[in-house]
Each structure stands twice: as structure tokens, then as C-alpha cells.
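Notes follow the structure.
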Amino acid sequence: MYIQKLVVTLFMVGLLALPGAALSAREIVLEVWQPFDPATSVDAVAREELYRQYEQLNPGIKIKPSILEYGDLHEKLVVAGAARRGPDIVHMLGEWVPEFVRMGIINDVTDQAMAWEDREYFPQSTWDVATQEDRIYGIPSIASPRVLLYREDYLKQAGFDGPPESWEEMIEVAKRITESIPGVYGFAYCSSTKAIRGPQEFLPFLWQTGAEWVIYENGEWKPGFTVAQAEEVFQLYLDLLPSTPSDSIGWEYLEMDNSFVVGQSAMCHNGSWMQIYADRAGEAFQHWRGAPMPANQNRATYFEVKVDGVGAFSNHKEEAWKFLSWLMGKDQMARHSRHDNLPSRTDVIALPEFQEDEWKKPFFEVIADGKSFPPIPMSESNKAMMTKLQEVLCGQKTPFEAAEELLAFLENHLVLVNQ
Amino acid sequence: MKKKNSLLKIIGPYWYFVLLFLLVGFLMLYPLGSGIYLSLWRKNFLYPARDSFVWFENFFRLLFQDDVFWKALKNSLVFTAGSVFFEYLAGLGSGLLLNSKYVPLKNFFRGVVLLPWVVPIAVNSLNWRWMLLPEYGFVNVMLTRIGLGSLARGWLSSLTWAMPTVIFVNVWRSFPFFTITILAGLTLIPKELYEASELDGATRWQEFRFITLPSIKKISMVIIVLHVIWTFANFDVIYLLTAGGPLNRTEVLPTYLYQQAFRFFDMGYASSIGVFVFFFLLVTVGFYFTRFSSFSSQ
């Protein structure tokens with residue numbers, strides 16, 4: 001009697017589950033892990049609309065986005081990858097690509113990318129970020145250089161007609177603003193050891209001395225800078241320190257961005273997403289200006305390229321690529337990179353609505369100066385850079401000592417990277 | 001038939017434990033065993049070709065080649081000792097107040113004192129982080145307004161003040177647990193003991209020392225041990241406040257483990273840190289219980 005009841009129950013459950021199973025067998029769900037939040041970003045709203053549009057154009061395909069802040073996104077991808085799971089579409093910072101390739105988290109899409117008719121509209125420098133050892137691992141979706149973001153009114157108040165164009169001028173302008181305008185500091189920078197923004201500011205300064213972080217020579221990676229060059233960078237930070245907000249050592253991007261938005265600091269290195277704070281800045285936003293980085297030997301700047309790829313553990317790689325290449329099409333990119341993000345396609349940048357956007361102009365003007373992180377895992381290097389920087393700023397080490405130790409660290413670390 | 005029934009009666013109840021044992025085994029023993037096993041491997045997600053079984057190489061590196069580990073261990077001990085000590089003091093003080101007949105609206109305050117405990121740790125830590133901002137955080141603004149502007153500083157960015165500040169935030173968050181537990185113990189102390197001591201002419205301090213403290217001793221020991229374990233293994237408070245900075249001044253073993261695992265992807269090494277924490281607590285707490293049980297039986 002008991003067994004009969006059990007059999008009947010199982011049969012009924014199976015019968016009820018059958019339509020659901022059949023439906024899900026027909027429908028393909030593409031999981032997208034990305035940080036774009038419609039609650040805070042106009043471009044994210046456009047993305048959501050594009051997802052729905054794609055679903056209408058492709059019945060049977062459902063796009064399921066998960067919104068994760070960059071730090072959480074990185075960890076979730078690593079943990080999921082360790083369990084050999086992951087989304088169908090992965091949004092990544094460019095500096096994650098070398099790590100994820102080594103971990104086997106993202107899919108090689110070289111064949112699809114090479115056959116893609118839109119490939120030529122993306123500058124080679126952006127494809128380079130998505131490429132590891134001649135294999136392509138995604139489409140560069142956002143390409144945004146950093147500029148010197150400054151408050152024109154503060155500079156005028158301190159007696160300057162325009163932004164600084166050299167390191168010496170930058171130090172002088174920052175100092176005069178700090179001395180002459182109560183409650184305002186001339187400069188703000190990040191030096192947190194746990195976030196990526198600090199290295200994104202540090203490396204351009206190093207590049208501006210004519211150095212590189214690493215160079216590839218005779219089949220192996222070697223340090224690309226000398227002690228003198230690194231010392232020059234640490235000295236610059238030390239020279240700027242009196243002009244930065246008090247106790248800002250260890251700041252992350254939120255503190256720095258906020259400091260600029262509320263008018264506490266007059267200059268910082270920043271990106272086009274700062275436009276999302278226009279409302280919060282109020283009237284002050286009309287005084288925000290962008291300019292090329294003050295130069296040393298050159299005026300290299302950080303060129304942030306973000307990459308969207310196909311997850312290595314996706315069960316729908318073909319459909320994922322089809323969706324991704326559609327999303328990065330000209331019309332679609334013009335919609336989802338209209339506001340806080342900058343497009344990576346040259347034909348989109350050339351559109352009138354982008355060329356005539358006063359906010360975006362300074363960013364487009366410095367693209368040629370833009371450089372990206374080297375194509376090696378950078379986590380330990382980033383931590384070492386910022387640790388040495390903090391030691392200098394806290395007075396524990398001189399710029400020379402910090403430079404020496406940083407070079408020694410890199411030499412040691414590259415032994416592992418080269419293995 | 002009778003024998004079968006009596007056998008079922010004996011072993012029957014233990015069937016209800018099978019699920020519990022399976023859960024404990026799966027959720028606790030399996031991860032623990034996996035962690036110990038992983039700690040014997042060189043395993044880095046970035047360099048999978050180098051994965052190999054290396055016996056105790058990770059532990060050798062940890063104990064003899066890693067300066068940051070020793071800093072983190074020292075910070076863990078300071079953070080734990082400081083937190084538990086002040087939590088106990090604050091919990092004991094507030095528990096005594098809430099048990100006192102002279103305090104009005106006791107029931108109301110018994111509810112209010114629980115508020116820091118019920119706020120989620122993440123919300124608590126992030127709120128404090130914003131309140132402790134140097135320029136416009138609530139704490140420094142208030143200090144300036146009441147004329148104590150000279151005390152305003154970068155509480156979480158100062159090399160000197162970062163650790164005391166995180167201890168303060170942790171104490172603020174955790175002392176209600178001590179309060180409620182000690183209060184429960186205080187309410188169980190027979191009033192006759194205090195009446196008798198009053199008749200004998202005992203002072204307040206003597207009452208506290210010879211009646212109150214011994215009566216809550218056992219319960220105090222239990223919650224101290226629990227908090228030592230929880231605080232030593234605490235990750236979220238420090239990670240959200242300072243992430244171990246500035247310059248490793250608040251780096252504790254759990255945040256260091258996290259960095260090794262999720263920033264540098266060195267899973268084998270991170271596991272060795274976890275194994276160290278486990279055995280350190282096991283030995284410390286075990287030693288303490290041995291001392292305590294032998295002391296209490298004297």
C-alpha cells in the first residue's frame with residue numbers, strides 16, 4: 001500500500017514537472033555577470049533595454065544579468081572558476097584578462113573575433129588588452145583614458161588661467177590652491193593597497209618618466225624601470241602630499257571621487273564615469289574640466305579597456321558569442337556607452353552626439369597617449385606598488401629605499417611569472 | 001519478536017542523529033579535511049602547471065620566511081585580547097546597571113542595549129567607516145563642535161590609532177552579547193546572599209567581589225572563550241573598516257588569508273594560514289579548558 005502510494009506520487013510529480021522541463025529545454029538562458037546597475041547608471045538602463053530587445057529578436061533566448069560591484073565580480077568569477085562554473089558572458093577589467101586566461105575562466109574566441117566583420121572598428125590597442133599570447137579572449141567593450149580632472153574655478157581663484165602641463169606646475173598649482181582657498185586641497189590620489197585605482201594612477205606617472213613596469217626581452221619578462229625612475233615617482237607623491245586632504249593615505253576610489261565631487265579637492269586623475277555625479281555636484285559641475293595629464297618625459301595616461309568575454313564553462317558558447325557580438329554592434333554600443341562609459345568603437349566615437357559632447361572631448365583627445373597594464377598577472381605587483389607608496393607617504397622609507405625595494409620585489413616576482 | 005523490539009528501542013533514537021552527523025560531517029569535517037589537505041599542496045590558480053604536493057613547505061614558508069604573517073599574528077592577538085577585555089568590561093558594567101534596582105525603565109534599556117548586536121556587521125562596519133572619515137565624518141565634526149577639534153584625526157588611516165579604533169568598533173558591536181548573558185547570570189544570584197552579606201556589614205565592593213563575581217564566573221568563562229574564538233577568526237569587521245591597513249597595522253590572520261586566496265590566488269598557502277588558525281585556537285582553548293576544569297575542581 002505504501003509502495004503504491006509512493007509510485008503514484010512520483011508519477012504525479014513527474015507529470016507536473018514535464019511541461020517545465022520541456023519549456024526550459026527549449027529556452028536558452030544566457031547569464032551575464034557585470035557591474036552595470038540601472039539604479040545608478042543611465043548606460044546600464046540602456047543595456048537592460050538592449051537585453052530585452054535581443055530577447056524579442058531571438059525567441060528562445062533569455063538574458064539574465066547579475067549586477068556585481070567590480071571587487072565582488074572578480075572574486076565571484078575566481079570562486080566559480082575554481083568550481084568549474086561561471087556565467088555565459090563575463091565583463092572584466094583589462095587587467096583581469098591575464099589572470100583569468102591562466103585560470104582558464106574565459107573562452108578563447110580568436111576564430112570568432114577574426115571572422116567578425118566589425119573587428120576593424122576597434123583600435124588594435126584595445127584588442128591587445130583582450131589578447132594573451134596571440135589569442136583573443138573577448139571584445140573590448142569600453143575604452144576610457146584618464147585625464148587630469150580639475151575645478152576651473154579653484155584654479156582661477158588661486159591665480160591660474162589653465163591646468164598644469166608639467167609635474168612641477170602640478171605641484172605648484174596644488175600647493176597654491178591649498179594655501180589660498182580654505183577647506184580646499186590642491187590634489188587627491190589613491191594609495192589603497194586593496195584596490196586597483198592606486199596602481200592605475202601610479203603606473204602612468206612611471207610611464208611618464210620614460211619607463212615601463214615590465215618589458216618583454218629575449219623570451220622573458222624583465223623590470224622596465226630603474227631605481228631612479230621609480231624614485232622620481234615616489235618623490236612626486238611626497239611633494240604632492242602636503243596638498244592632499246589630511247589623512248588621505250590609503251584612500252580608495254570612492255573616497256577620492258567623493259572628495260572631488262564635494263569640492264574638497266581641486267585636481268585628481270579620473271575617468272569619464274565622473275559624469276554620474278553631476279547631480280550631486282550641483283552647480284559646481286559646470287566648473288569641472290578635463291585636461292591631458294601633466295607631462296614629464298611624456299604625458300602617458302592610463303587607458304582603461306574593459307573586456308566582455310565568453311565564460312569558459314558556458315554551456316551556450318555559440319549563443320553567447322552571437323549575443324556579445326550583437327551587443328557590441330555600432331548601434332547598440334552607441335546606446336549603452338552614451339553617458340558614463342566611453343565607447344571602444346571608432347565609428348561610434350565618430351558619431352556627432354559623441355564628438356559634440358563637451359564632457360567627452362578631453363577624454364577623446366588623450367586616447368593617443370593611453371597605455372594599458374602589461375599583460376601579466378598584476379595583483380602582487382599592485383600590492384607591492386601601493387605598500388611601498390604608503391611607506392614613503394608615512395615617512396617609513398625614503399623614495400630611494402622604496403624604489404630599490406620595489407625593483408627587488410619585481411625582479412623576484414618575475415622569476416615566478418616567467419616559469 | 002521481543003528481542004527485536006527491545007533492540008529497535010535501543011538503537012531507534014540514534015537514527016535521528018544520523019542526519020545530524022551527516023550534516024556535521026559534510027559541512028564541517030569535509031571542508032576542514034579538505035583545507036588541511038590543500039595546505040600540503042603548492043596550488044596557485046595563476047600557475048597551475050606548478051601545482052604539486054609539497055608536504056609542509058607552506059608551513060615552513062609561513063613560520064620562517066613570512067614577516068607579514070608574524071605581524072598578522074601579533075595583530076590578531078592584540079585585536080582579540082583588546083576586544084574581549086573591553087567587551088567584558090562593558091558587558092559587565094552594563095549588565096550590573098541593568099540589574100540594579102536604581103535604574104528606571106530597565107526593560108526599555110535592556111532592549112536598547114541590544115541594538116548594536118542586531119545591526120548586521122557589514123552595515124555596522126560601513127557606517128563606522130563613514131563616521132570616522134577625517135574631514136567630514138560624524139565623529140570628527142562632533143569633536144570639533146564641542147571644542148575638542150585637536151582630538152580629530154584619521155582614525156582608520158593613522159598608524160597609531162587604526163588598531164585601537166577597530167577594537168573600539170568591534171567592542172561597540174559585540175558587548176551586548178556579554179551584557180545579556182551576564183545579566184541572565186546576575187538574575188539567577190539568590191537575593192538572600194546579598195541580604196545576608198548586608199547583615200554581616202559587607203561593603204558594596206565586597207559584595208561584588210565575593211558574591212557577584214564568583215556567581216557569574218562560569219558563565220563569564222564560557223562567553224569569554226566563545227568570543228576569543230569568534231574574535232580571533234573575525235574577518236568582516238577589520239576587512240570592511242581597513243582591510244588590514246594602513247601598512248598592515250590592522251592586518252589579522254583572517255584578512256591575510258583572504259588576501260593570499262583571493263588577491264594572489266595562492267590557495268595552498270592560504271589554506272596553511274587557515275590550518276594554523278584552527279590549530280592555534282584548538283591548542284589555546286584546549287589548554288584553557290584544561291586549566292579551568294582542573295582549577296574549578298580544586
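Chains: A, B, ... in order of the C-alpha cells. Residues: from 1 per chain. Ligands: from 1, in order shown.
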Would you tabulate, counting only C-alpha atoms, all residues of chain B that have an atom at most 7 Å from an atom of chain A, showing the closest pair of atoms and their distance in Å to one decimal, sorted by chain then ascending number, as JSON lines?
```
{"residue": "B:Phe45", "atom": "CA", "partner": "A:Met103", "partner_atom": "CA", "distance": 5.5}
{"residue": "B:Leu46", "atom": "CA", "partner": "A:Arg102", "partner_atom": "CA", "distance": 5.3}
{"residue": "B:Tyr47", "atom": "CA", "partner": "A:Arg102", "partner_atom": "CA", "distance": 6.9}
{"residue": "B:Pro134", "atom": "CA", "partner": "A:Asp247", "partner_atom": "CA", "distance": 6.4}
{"residue": "B:Gly154", "atom": "CA", "partner": "A:Asp247", "partner_atom": "CA", "distance": 5.2}
{"residue": "B:Ser157", "atom": "CA", "partner": "A:Asp247", "partner_atom": "CA", "distance": 6.1}
{"residue": "B:Pro246", "atom": "CA", "partner": "A:Gly250", "partner_atom": "CA", "distance": 6.5}
{"residue": "B:Leu247", "atom": "CA", "partner": "A:Thr387", "partner_atom": "CA", "distance": 6.5}
{"residue": "B:Phe262", "atom": "CA", "partner": "A:Glu75", "partner_atom": "CA", "distance": 6.4}
{"residue": "B:Arg263", "atom": "CA", "partner": "A:Ser379", "partner_atom": "CA", "distance": 6.1}
{"residue": "B:Phe264", "atom": "CA", "partner": "A:Ser379", "partner_atom": "CA", "distance": 6.1}
```
Self-check item: region 189-314 of chain A: residues DSSP assigns to strand (DSSP E or B), reported as number ranges by chain
Solution: A: 214-217, 220-223, 265, 267-270, 288-291, 295, 301-311
Using only C-alpha atoms, what table do you get, as a tab-separated table, when you list each residue of region 17-131 of chain B with an atom no more than 12 Å from region 171-174 of chain B, its nearest pair of atoms, and their distance in Å rounded to one decimal, rows by chain then rising number?
```
residue	atom	partner	partner_atom	distance
B:Phe79	CA	B:Val171	CA	10.2
B:Thr80	CA	B:Val171	CA	10.3
B:Ala81	CA	B:Val171	CA	11.1
B:Gly82	CA	B:Val171	CA	8.7
B:Ser83	CA	B:Val171	CA	5.6
B:Val84	CA	B:Val171	CA	7.6
B:Phe85	CA	B:Val171	CA	9.0
B:Phe86	CA	B:Val171	CA	6.5
B:Glu87	CA	B:Val171	CA	5.2
B:Tyr88	CA	B:Val171	CA	8.9
B:Leu89	CA	B:Val171	CA	9.9
B:Ala90	CA	B:Val171	CA	8.2
B:Gly91	CA	B:Ser174	CA	8.9
B:Val113	CA	B:Trp172	CA	10.3
B:Leu114	CA	B:Arg173	CA	9.3
B:Leu115	CA	B:Arg173	CA	8.7
B:Pro116	CA	B:Arg173	CA	5.0
B:Trp117	CA	B:Arg173	CA	5.5
B:Val118	CA	B:Arg173	CA	8.7
B:Val119	CA	B:Arg173	CA	8.2
B:Pro120	CA	B:Arg173	CA	9.4
B:Ile121	CA	B:Arg173	CA	7.8
B:Ala122	CA	B:Arg173	CA	11.0
B:Val123	CA	B:Arg173	CA	10.9
B:Asn124	CA	B:Arg173	CA	7.5
B:Ser125	CA	B:Arg173	CA	9.0
B:Asn127	CA	B:Arg173	CA	11.7
B:Trp128	CA	B:Trp172	CA	10.4
```
Could you write those residues out with N, CA and C atoms, as an mmCIF file, in the first residue's frame?
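The resulting file, part_18.cif, is shown below:
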```cif
data_model
loop_
_atom_site.group_PDB
_atom_site.id
_atom_site.type_symbol
_atom_site.label_atom_id
_atom_site.label_comp_id
_atom_site.auth_asym_id
_atom_site.auth_seq_id
_atom_site.Cartn_x
_atom_site.Cartn_y
_atom_site.Cartn_z
ATOM 1 N N PHE B 79 44.216 42.366 18.801
ATOM 2 C CA PHE B 79 42.808 42.630 18.486
ATOM 3 C C PHE B 79 41.890 41.772 19.363
ATOM 4 N N THR B 80 42.249 40.499 19.519
ATOM 5 C CA THR B 80 41.409 39.593 20.293
ATOM 6 C C THR B 80 41.425 39.966 21.769
ATOM 7 N N ALA B 81 42.643 40.122 22.308
ATOM 8 C CA ALA B 81 42.744 40.434 23.735
ATOM 9 C C ALA B 81 42.057 41.764 24.050
ATOM 10 N N GLY B 82 42.350 42.772 23.233
ATOM 11 C CA GLY B 82 41.764 44.093 23.457
ATOM 12 C C GLY B 82 40.254 44.072 23.353
ATOM 13 N N SER B 83 39.753 43.411 22.318
ATOM 14 C CA SER B 83 38.301 43.370 22.114
ATOM 15 C C SER B 83 37.610 42.645 23.258
ATOM 16 N N VAL B 84 38.086 41.435 23.576
ATOM 17 C CA VAL B 84 37.395 40.625 24.584
ATOM 18 C C VAL B 84 37.469 41.304 25.952
ATOM 19 N N PHE B 85 38.630 41.884 26.265
ATOM 20 C CA PHE B 85 38.776 42.554 27.567
ATOM 21 C C PHE B 85 37.757 43.684 27.715
ATOM 22 N N PHE B 86 37.709 44.563 26.734
ATOM 23 C CA PHE B 86 36.796 45.711 26.850
ATOM 24 C C PHE B 86 35.338 45.307 26.662
ATOM 25 N N GLU B 87 35.107 44.271 25.854
ATOM 26 C CA GLU B 87 33.727 43.776 25.731
ATOM 27 C C GLU B 87 33.229 43.265 27.078
ATOM 28 N N TYR B 88 34.127 42.549 27.774
ATOM 29 C CA TYR B 88 33.719 42.005 29.074
ATOM 30 C C TYR B 88 33.459 43.127 30.065
ATOM 31 N N LEU B 89 34.363 44.104 30.069
ATOM 32 C CA LEU B 89 34.184 45.241 30.988
ATOM 33 C C LEU B 89 32.863 45.961 30.705
ATOM 34 N N ALA B 90 32.648 46.261 29.411
ATOM 35 C CA ALA B 90 31.422 46.991 29.037
ATOM 36 C C ALA B 90 30.189 46.130 29.302
ATOM 37 N N GLY B 91 30.302 44.827 28.997
ATOM 38 C CA GLY B 91 29.165 43.937 29.236
ATOM 39 C C GLY B 91 28.860 43.793 30.709
ATOM 40 N N VAL B 113 19.986 48.202 24.544
ATOM 41 C CA VAL B 113 21.396 47.789 24.596
ATOM 42 C C VAL B 113 21.696 46.720 23.545
ATOM 43 N N LEU B 114 20.649 46.061 23.059
ATOM 44 C CA LEU B 114 20.855 45.001 22.057
ATOM 45 C C LEU B 114 21.055 45.543 20.648
ATOM 46 N N LEU B 115 20.748 46.825 20.449
ATOM 47 C CA LEU B 115 20.758 47.375 19.092
ATOM 48 C C LEU B 115 22.081 47.176 18.335
ATOM 49 N N PRO B 116 23.228 47.480 18.945
ATOM 50 C CA PRO B 116 24.474 47.259 18.180
ATOM 51 C C PRO B 116 24.623 45.814 17.731
ATOM 52 N N TRP B 117 24.125 44.886 18.537
ATOM 53 C CA TRP B 117 24.286 43.466 18.223
ATOM 54 C C TRP B 117 23.410 43.061 17.063
ATOM 55 N N VAL B 118 22.207 43.645 16.960
ATOM 56 C CA VAL B 118 21.283 43.182 15.922
ATOM 57 C C VAL B 118 21.566 43.823 14.564
ATOM 58 N N VAL B 119 22.311 44.933 14.559
ATOM 59 C CA VAL B 119 22.654 45.543 13.261
ATOM 60 C C VAL B 119 23.631 44.611 12.552
ATOM 61 N N PRO B 120 23.386 44.306 11.273
ATOM 62 C CA PRO B 120 24.321 43.435 10.551
ATOM 63 C C PRO B 120 25.744 43.990 10.576
ATOM 64 N N ILE B 121 26.713 43.106 10.661
ATOM 65 C CA ILE B 121 28.117 43.515 10.800
ATOM 66 C C ILE B 121 28.527 44.431 9.660
ATOM 67 N N ALA B 122 28.121 44.093 8.439
ATOM 68 C CA ALA B 122 28.526 44.897 7.279
ATOM 69 C C ALA B 122 27.980 46.321 7.393
ATOM 70 N N VAL B 123 26.721 46.434 7.794
ATOM 71 C CA VAL B 123 26.113 47.762 7.938
ATOM 72 C C VAL B 123 26.832 48.537 9.032
ATOM 73 N N ASN B 124 27.080 47.840 10.139
ATOM 74 C CA ASN B 124 27.769 48.461 11.267
ATOM 75 C C ASN B 124 29.140 48.979 10.858
ATOM 76 N N SER B 125 29.921 48.127 10.226
ATOM 77 C CA SER B 125 31.296 48.493 9.863
ATOM 78 C C SER B 125 31.311 49.638 8.854
ATOM 79 N N ASN B 127 29.001 51.878 8.321
ATOM 80 C CA ASN B 127 28.550 53.111 8.989
ATOM 81 C C ASN B 127 29.685 53.753 9.766
ATOM 82 N N TRP B 128 30.398 52.942 10.526
ATOM 83 C CA TRP B 128 31.524 53.477 11.313
ATOM 84 C C TRP B 128 32.608 54.021 10.398
#
```
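The protein and nucleic acid residues lying at most 6 Å from Val32 (chain A) are Lys64, Pro65, Pro87 and Ile89 of chain A, with only C-alpha atoms considered and sequence neighbours fewer than 2 positions away removed.
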Dump N, CA and C atoms for the selected residues as a short mmCIF file (atom, residue, chain, number, x, y, z; two decimals), in the first residue's frame?
```
data_model
loop_
_atom_site.label_atom_id
_atom_site.label_comp_id
_atom_site.auth_asym_id
_atom_site.auth_seq_id
_atom_site.Cartn_x
_atom_site.Cartn_y
_atom_site.Cartn_z
N LYS A 64 19.95 36.93 -18.65
CA LYS A 64 19.78 37.06 -17.20
C LYS A 64 21.01 37.76 -16.61
N PRO A 65 20.92 39.09 -16.41
CA PRO A 65 22.10 39.79 -15.87
C PRO A 65 22.17 39.70 -14.35
N PRO A 87 29.48 32.25 -15.57
CA PRO A 87 28.42 32.77 -16.43
C PRO A 87 28.72 32.50 -17.89
N ILE A 89 28.42 35.15 -20.13
CA ILE A 89 29.12 36.37 -20.55
C ILE A 89 29.81 36.95 -19.33
#
```
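Taking CA of Leu253 (chain B) and CA of Tyr253 (chain A) as endpoints, the distance between them is 25.5 Å.
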Determine, using only C-alpha atoms, which residues of region 282-325 of chain A have any atom at most 12 Å from an atom of region 170-182 of chain A, and tabulate each with its shortest atom pair and distance in Å to one decimal place, rows ordered by chain and then rising number, as a Markdown table.
```
| residue | atom | partner | partner_atom | distance |
| --- | --- | --- | --- | --- |
| A:Pro292 | CA | A:Met170 | CA | 11.9 |
| A:Met293 | CA | A:Met170 | CA | 9.5 |
| A:Pro294 | CA | A:Met170 | CA | 6.8 |
| A:Ala295 | CA | A:Met170 | CA | 9.4 |
| A:Asn296 | CA | A:Met170 | CA | 10.8 |
```
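Closest approach to Met328 (chain A) from the set A:Gln200, A:Ser141, A:Thr209, A:Gln157 is made by A:Ser141, with distances taken over only C-alpha atoms.
Taking CA of Trp55 (chain B) as the reference point, CA of Leu40 (chain B) is found at 4.7 Å.
In terms of minimum interatomic distance to Gln34 (chain A), A:Asp308 ranks closest within A:Asp369, A:Glu353, A:Glu168, A:Asp308, counting only C-alpha atoms.
One distance worth recording is that between CA of Ile105 (chain A) and CA of Gly138 (chain A), which is 11.8 Å.
Omitting Ser144 (chain A) and its sequence neighbours fewer than 4 positions away, and counting only C-alpha atoms, the residues within 8 Å are Gly271, Ser272, Phe303, Glu304, Val305, Asn341, Leu342, Pro343, Ser344, Phe363 and Ile367 of chain A.
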Self-check item: Polymer residues at most 8 Å from Gln235 (chain A), only C-alpha atoms, same-chain spacing of 4 or more positions, as a list in words
Solution: Glu231, Asp239 and Pro399 of chain A
